[in-house]
Amino acid sequence: MRRLVTLLILSSAALWVGVPHAQSPQTPPVPPPAQQPVPPAGQPAAPPPGQQRGQQPPKPPTIPDPQGHVVKSEVQTFKVEVVAKDLETPWALAFLPDGRLLVTERPGRLRIVDKGKVSEPVSGIPKVEQVQDGGLFDVEVHPQYARNGWIYLSYAEPGPNNTSLTERSPANTTPVNTGMTAVIRGKINKNHEWTDQQFIFHATPELYTATHIHYGSRFIFDKQGHLFFTLGEHGKPEDAQDLSKPTGKIHRVNDDGSVPKDNPFVSRAGAVPSIWTYGHRNPQGLSFDSATGSLWETEHGPNGGDELNLIKPGHNYGWAVITNGRQAGITKTEQDGMESPVVSWTPTIAPGGIAFYSGNRYPKWKNHLFVTGLGGQQLRRLVIEKDSVVHQEVVFDNLGRVRDIVVGPDGYFYIATALPGQRLSDTTMGFVLRLVPVKE
């Protein structure tokens with residue numbers, strides 16, 4: 001039985017707060033957010049008067065240097081510390097057991113941050129297809145890294161027939177390069193070199209596309225050592241419902257890429273055996289709730305309709321049959337046999353990495369889920385009770401595009417941000433930030 005969508009009008013006015021629009025004397029005053037009607041279950045919230053559905057609300061200017069910036073949220077005041085800067089569109093963060101921090105930059109570099117110093121790029125990382133959304137994506141450390149040294153990366157791999165501009169003839173200068181998500185593991189030796197590379201997921205040639213969107217690419221390990229990774233549908237919505245295609249899915253594999261025997265579709269003829277769930281558009285957030293053991297996921301919707309989903313093996317999450325966003329040809333928000341989101345967001349927040357907090361540095365944030373946002377340039381806090389979101393807060397929305405969030409070995413939150421560009425796909429300067437509580 002599918003869940004009802006729980007759509008909340010935030011108790012925090014931060015959802016719609018921004019630069020006020022000038023009003024003529026004849027213009028009636030805009031009612032505050034609290035006066036907006038609560039939408040029926042299963043329907044996205046209506047935008048404030050004067051704003052189109054799916055359109056970003058006005059927002060405060062981005063702070064270009066966040067060092068020392070103090071944020072007073074609903075239940076926690078904290079100071080922002082810059083751990084690393086002058087990075088190019090940092091995509092993901094992962095800590096090594098000794099406290100060093102791995103950072104991926106979308107143009108194709110893996111760096112190590114150690115006591116505030118950013119290393120030169122690790123040499124030998126595969127070439128990435130950095131076009132539009134493409135590039136180097138997630139990084140994850142094996143739970144037994146101290147014993148085996150494995151590090152996992154995902155990236156947009158250039159298609160097998162791609163050529164560089166210098167290799168094209170004068171009559172054929174139009175780029176037609178293709179790309180596809182690839183997942184690998186390898187090691188970093190004492191000379192700062194990427195070695196011992198192995199593919200965990202490698203697509204067949206016909207799956208490489210020139211759309212360069214919806215790569216997915218988030219990782220997480222469970223307590224049993226299984227690796228979950230996400231693949232977007234690469235701009236082919238119909239593939240998300242096709243179990244013979246790996247795209248538009250969440251996958252579950254053993255740490256070496258082999259398929260666990262208890263995966264839900266392992267015995268279904270024609271199905272990709274590593275599929276855990278399907279019907280996803282562009283999933284870029286995964287996190288386990290340590291209190292319940294449940295896996296949660298976020299994904300980008302079409303013109304709004306971004307989703308938070310509770311992941312259950314074998315379930316269908318609806319794309320591209322149902323959506324709370326706007327997509328030509330899709331008119332339904334629900335259908336039997338398909339999971340509706342626990343929460344959806346319109347206007348879009350373009351959710352990235354997510355993390356439950358289970359430490360003691362921020363006691364009032366215990367067991368809350370934190371969601372990063374690219375389009376909304378925000379960090380959002382969600383309170384979840386009995387698999388339902390009962391409260392949301394925009395913690396901040398003025399520190400740039402927020403891509404990833406992890407909890408460090410010191411118990412603090414670390415986040416990857418990048419200043420907004422002229423286009424969403426622009427490579428821009430980014431930071432790694434630490435959120436340090438401030439006593440009041």
# chains A, B, ... in the order shown; residues from 1 in each chain; ligands from 1
$ residues_around --residues "region 132-147 of chain A" --least-positions-apart "4" --cutoff "9 Å" --atoms "only C-alpha atoms" --output "mmCIF file with C-alpha atoms, in the first residue's frame"
data_model
loop_
_atom_site.group_PDB
_atom_site.id
_atom_site.type_symbol
_atom_site.label_atom_id
_atom_site.label_comp_id
_atom_site.auth_asym_id
_atom_site.auth_seq_id
_atom_site.Cartn_x
_atom_site.Cartn_y
_atom_site.Cartn_z
ATOM 1 C CA PRO A 90 33.499 20.388 -4.707
ATOM 2 C CA TRP A 91 31.065 17.488 -5.138
ATOM 3 C CA ALA A 92 31.613 15.079 -2.257
ATOM 4 C CA LEU A 93 33.386 14.550 1.063
ATOM 5 C CA ALA A 94 34.609 11.444 2.891
ATOM 6 C CA PHE A 95 36.858 11.056 5.931
ATOM 7 C CA LEU A 96 39.758 8.629 6.220
ATOM 8 C CA PRO A 97 40.189 6.877 9.588
ATOM 9 C CA LEU A 102 38.905 13.370 0.799
ATOM 10 C CA VAL A 103 37.286 15.961 -1.485
ATOM 11 C CA THR A 104 36.238 15.489 -5.110
ATOM 12 C CA GLU A 105 36.170 18.444 -7.497
ATOM 13 C CA ARG A 106 33.775 18.075 -10.409
ATOM 14 C CA PRO A 107 36.388 18.974 -13.088
ATOM 15 C CA GLY A 108 38.096 15.666 -12.223
ATOM 16 C CA ARG A 109 40.383 16.089 -9.223
ATOM 17 C CA LEU A 110 40.583 14.182 -5.941
ATOM 18 C CA LYS A 127 39.626 11.158 -17.245
ATOM 19 C CA VAL A 128 36.117 12.508 -16.728
ATOM 20 C CA ILE A 151 38.370 4.083 -1.844
ATOM 21 C CA TYR A 152 35.317 4.320 -4.117
ATOM 22 C CA LEU A 153 34.701 6.964 -6.793
ATOM 23 C CA SER A 154 31.963 7.672 -9.309
ATOM 24 C CA TYR A 155 32.371 9.836 -12.387
ATOM 25 C CA ALA A 156 31.037 10.649 -15.852
ATOM 26 C CA GLU A 157 33.091 8.361 -18.055
ATOM 27 C CA GLY A 179 29.108 10.031 -21.146
ATOM 28 C CA MET A 180 27.799 7.573 -18.578
ATOM 29 C CA THR A 181 28.147 7.062 -14.852
ATOM 30 C CA THR A 211 22.513 14.398 -22.712
ATOM 31 C CA HIS A 212 25.094 14.817 -19.881
ATOM 32 C CA ILE A 213 22.404 15.121 -17.204
ATOM 33 C CA HIS A 214 20.979 13.075 -14.320
ATOM 34 C CA TYR A 215 24.037 11.033 -13.392
ATOM 35 C CA GLY A 216 22.886 10.266 -9.839
ATOM 36 C CA SER A 217 26.105 8.917 -8.263
ATOM 37 C CA ARG A 218 25.685 8.921 -4.474
ATOM 38 C CA PHE A 219 27.230 6.091 -2.363
ATOM 39 C CA ILE A 220 26.595 4.579 1.033
ATOM 40 C CA PHE A 221 27.650 1.379 2.827
ATOM 41 C CA LYS A 223 26.421 -2.305 8.316
ATOM 42 C CA GLY A 225 29.309 -4.072 4.015
ATOM 43 C CA ASP A 255 32.091 -4.350 -1.884
ATOM 44 C CA LEU A 424 23.701 25.926 -12.971
ATOM 45 C CA SER A 425 26.392 23.869 -14.712
ATOM 46 C CA ASP A 426 29.171 26.454 -14.243
#
$ select_by_dssp --residues "region 49-117 of chain A" --states "strand (DSSP E)" --output "PyMOL selection string"
chain A and resi 70-72+77-88+90-95+101-105+109-114+117
$ residues_around --residues "Ala203 (chain A)" --least-positions-apart "6" --cutoff "12 Å" --atoms "only C-alpha atoms" --output "VMD selection string"
chain A and resid 156 to 160 179 to 184 209 231 245 to 247 272
$ write_last_selection --atoms "C-alpha atoms" --output "CSV table (one decimal), in the first residue's frame"
chain,number,residue,atom,x,y,z
A,156,ALA,CA,31.0,10.6,-15.9
A,157,GLU,CA,33.1,8.4,-18.1
A,158,PRO,CA,33.7,9.5,-21.6
A,159,GLY,CA,32.0,7.3,-24.2
A,160,PRO,CA,34.2,4.7,-26.0
A,179,GLY,CA,29.1,10.0,-21.1
A,180,MET,CA,27.8,7.6,-18.6
A,181,THR,CA,28.1,7.1,-14.9
A,182,ALA,CA,30.9,4.7,-13.9
A,183,VAL,CA,31.8,3.4,-10.4
A,184,ILE,CA,35.3,2.3,-9.5
A,209,THR,CA,24.4,9.4,-24.0
A,231,LEU,CA,22.1,6.1,-11.1
A,245,LYS,CA,18.3,-0.9,-17.8
A,246,PRO,CA,20.5,0.1,-14.9
A,247,THR,CA,19.6,3.8,-15.1
A,272,VAL,CA,19.6,-6.1,-13.9
$ residues_around --residues "region 286-290 of chain A" --least-positions-apart "6" --cutoff "8 Å" --atoms "only C-alpha atoms" --output "list in words"
Arg218, Phe219, Ile220, Asp222, Trp296, Glu297, Thr298, Gly353, Ile354, Ala355, Phe356, Ser358 and Asn367 of chain A
$ write_last_selection --atoms "C-alpha atoms" --output "PDB file, in the first residue's frame"
ATOM      1  CA  ARG A 218      25.685   8.921  -4.474  1.00  0.00           C
ATOM      2  CA  PHE A 219      27.230   6.091  -2.363  1.00  0.00           C
ATOM      3  CA  ILE A 220      26.595   4.579   1.033  1.00  0.00           C
ATOM      4  CA  ASP A 222      25.320  -0.518   5.138  1.00  0.00           C
ATOM      5  CA  TRP A 296      16.342   7.494   2.984  1.00  0.00           C
ATOM      6  CA  GLU A 297      16.946   9.078  -0.413  1.00  0.00           C
ATOM      7  CA  THR A 298      16.540  12.460  -2.118  1.00  0.00           C
ATOM      8  CA  GLY A 353      23.822  14.879  -0.125  1.00  0.00           C
ATOM      9  CA  ILE A 354      21.867  14.154   3.047  1.00  0.00           C
ATOM     10  CA  ALA A 355      22.869  13.036   6.539  1.00  0.00           C
ATOM     11  CA  PHE A 356      21.178  12.019   9.776  1.00  0.00           C
ATOM     12  CA  SER A 358      23.434  10.956  15.714  1.00  0.00           C
ATOM     13  CA  ASN A 367      18.293  12.032  14.927  1.00  0.00           C
TER      14      ASN A 367
END
$ residues_around --residues "region 192-197 of chain A" --least-positions-apart "3" --cutoff "12 Å" --atoms "only C-alpha atoms" --output "list in words"
Arg109, Leu110, Arg111, Ile112, Ser119, Glu120, Pro121, Val122, Ser123, Gly124, Ile125, Pro126, Asn148, Gly149, Trp150, Ile151, Tyr152, Leu153, Val183, Ile184, Arg185, Gly186, Lys187, Ile188, Asn189, Ile200 and Asp256 of chain A
$ closest_residue --among "A:Val438, A:Ala350, A:Leu207, A:Ile275" --to "Gly314 (chain A)" --atoms "only C-alpha atoms"
A:Ile275
$ closest_residue --among "A:Pro302, A:Gln198, A:Pro341, A:Gly293" --to "Gly257 (chain A)" --atoms "only C-alpha atoms"
A:Gln198
$ residues_around --residues "Asp387 (chain A)" --least-positions-apart "4" --cutoff "10 Å" --atoms "only C-alpha atoms" --output "ChimeraX atom specification"
/A:3,292,294,296,309-310,342,383
$ select_by_dssp --residues "region 96-253 of chain A" --states "alpha helix (DSSP H)" --output "PyMOL selection string"
chain A and resi 145-148
$ atom_distance --atom1 "CA of Arg403 (chain A)" --atom2 "CA of Trp319 (chain A)"
22.8 Å
$ atom_distance --atom1 "CA of His315 (chain A)" --atom2 "CA of Glu334 (chain A)"
14.0 Å
$ atom_distance --atom1 "CA of Ile349 (chain A)" --atom2 "CA of Gly375 (chain A)"
4.8 Å
$ closest_residue --among "A:Thr333, A:Asn282, A:Ser340, A:Thr178" --to "Gln130 (chain A)" --atoms "only C-alpha atoms"
A:Thr178
$ residues_around --residues "Val402 (chain A)" --least-positions-apart "3" --cutoff "8 Å" --atoms "only C-alpha atoms" --output "number ranges by chain"
A: 352, 372-374, 377-379, 399, 415-418
$ closest_residue --among "A:Thr277, A:Thr427, A:Asn398, A:Asn324" --to "Lys59 (chain A)" --atoms "only C-alpha atoms"
A:Asn398
